[in-house]
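So the structure is just underneath, and the comments pick up after that.
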Amino acid sequence: MEAKESRVLSATVRRVIYHAADTGFAVIEVITEDGASFTAAGTIGDPSPESSYRLEGSFEDHPRFGPRFKVTSAIPVTPDSINGVRRYLASGRFEGVGEATAARIVDDLGPNAFVKLAGDEDITIRGFGKKKLAVLRASVRSAQAEIETFAFLAGIGLGPALSASVVRAYGPRAAAITKENPWKLADDIRGIGFPTADRLSRNLGFDSEHPLRREAGLVHTLKEAMEQGDTCLPIEMLVVRSAELLALESTMIEASVVSAEASGRIVVERAFEGVCRVYHPDLFALEVEASRRISRLMLRPALLQDDSDVPTQLPEHLSDEQKQAVRLLLTRPLALLTGGPGVGKTTVIDSLVKCVTALGKSVQLAAPTGRAARRMEEATGRAAATIHRLLGIQPTDHYDDRLPPQPVLADVLVVDEASMLDLPLFVQILRGLVGKTSLILVGDPDQLPSVGPGNVLADLLSSRMIPTVSLSRIFRQEHGGLLVRNAHAIREGQFPEMPEPHEVTDFYYMERNDASEGCALIRELVARRLPQKFGLDPSEDIQVLTPMHKGACGTESLNAVLQDALRDGSRSAKRGERVFREGDRVIATRNDYERSLANGETGRVVGVIDSTGEVSVAFGSTIHRFGAGEWDDLQLSYTLTVHKAQGSEYAAVVLPMFNEHWPMLRRSVLYTAMTRARRLLVIVGQRSALSRAIADARRADRFSLLVSRLTGEPPRDLS
């Protein structure tokens, strides 16, 4: 592709070939005033036929689509020629104006027809009465205001795609709202974060100490903490972090805490002696609601009042520990079942389900993700649902979703992978427990916590208020059981047991001293060696997990390497450096309400159209289409971060562990990755990195007051 010199052109859109509304990427056919016609492609905003633009970019010779204008900047402008005004008026945007009427308007008003229609001077047009003329002028003024808004937003540094989002969100008041409070855009517009809004504020001349900036920075800092899993922050920590972000004195931030609390943008909790925590209002309400509902749930009658009522036909193969677990779970309205891999949690669940059925009662199995629900089905032979499907709720990134869930129509609800439950989802479960439904949460507290805010399972355990059964005896020993034994060893901080030379087992460690060498070995393992030795399908059975996105053995590098190894030669679509190929494994990167897709759902590319950048992806039996402007909603998933793999299980896992992963070399990360493997685990890496991960027993401590709300006592750590 040969790039030419940069040019600035005034052009009118003749045809919109492709347009992605959410990102503004478009392919359009345009015509200039001198009659030149060509295709332009780039981030243009919200183009419509006969609209006019000031386009900046360069002509290029695309290897597939031929000559076209590559747009780097697109600003809507008012048409200023007779032909341009006539075509724009006849574009269909203005009700009742067709080709003939548009020609008559231009004949009567001249080349400045659009300006005159938008202005205040008295005008007359043949065939237009006062009412009809007033309607037309109102429409033209609205179009003119929109053009001026786009020009204003471009002038302060906002691109066309985000400008279109601002205009859609705010309508005629877009410019006024932006001028009044540019930081508001960070709250309301997807894709505009605080850094972007702060940059716009500087371009608008706002002072760095402006009260609106201080309050916006404070709220942004709190939201960042929520994204890291905290439900609140100590007020001192919030002030320090906000001051660092804004490069201001702490005293100024302290004043903003007062104003933000008064305006309702934050909640300051002072109910516990010696503790002052700051919440987003939605999470504050959810945490209070969770504690209240838990307390009420524990006062309900259990399925059985006495364990003597437990059916006598408990399977003989159950250990005494497991039999005791079944009895406790049946006689408590809320209970926890915990333990590591291979200790018989699934066996207990299966036996419990049989007991409930024998009593003539009903039980519902559920899990946070589709993969985890399928694992429950495979293990128990009984139907299981995702929590979202069970409750009839949509995946959402908004914590203030108040839509009531469907009631759980069962006597007992069993939720697996409880470590994945964030606070908002847990509250939805509690809301769905109507009547006398009992709740049993099953999980491994040593797994990584939820992606969303809260640490529900850990908090419930820490409260010591919830009846709990912790299984410890290891039963699962498939393929020699080295994988399970090593998972428990690492859980206890011990170095894993290595297999004997040439031993066929389910755990291998392959030492490499350089991450680049590790990357090459992982390609070889996934594409050739593991399929040949173990009969694994590299496209279905093998999942590479890694602690981080960046680095030679991060998701970005490994996904590209494995895509080339497994899908080379497949039909593809390319945009910049990104490529999707038919057969690619992909993952959804955000909650998508319209498609009913949750962040983290995996699928497979079943079709691509390079000319438009459209990608068709099968998620289960449903196929969704993603335009070129929606590519950010998908990522390759040959390699996932360990966090993204929570709740999933794979036949084989390949795990790189190198010193380049040092920020995430923790025991919980290693342990979680190991427990994702069902038949085989291969660790590739440096012994020093593996040792460092095993030694780092830090847990993902999260700020929350749920334990205090349940116990009435202040948190032990008052930091």
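Chain identifiers are assigned as A, B, and so on, following the order in which chains appear in the structure tokens; residues are numbered from 1 within each chain, and ligands are numbered from 1 in order of appearance.
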
* Determine, counting only C-alpha atoms, which protein, DNA and RNA residues have an atom within 7 Å of an atom of region 207-214 of chain A; residues of the same chain fewer than 6 positions away are not included. Present the result as a VMD selection string. => chain A and resid 183 253 256

* Asked: Please, which residues of region 271-410 of chain A, numbered as in this document, come out alpha helix (DSSP H) from DSSP, as a PyMOL selection string?
  -> chain A and resi 281-298+320-330+345-358+370-380+387-391

* To do: Using DSSP on the backbone, list every residue of region 452-688 of chain A that comes out as strand (DSSP E), and give them as an MDAnalysis selection string.
  => chainID A and resid 468:470 507:511 542:546 572:575 578:581 585:588 602:609 614:619 622:626 634:636 639:641 650:657 677:685

* Which residues come within 8 Å of region 138-147 of chain A, counting only C-alpha atoms, excluding same-chain residues fewer than 5 positions away, as number ranges by chain? -> A: 76-78, 94, 114, 117-119, 167, 172
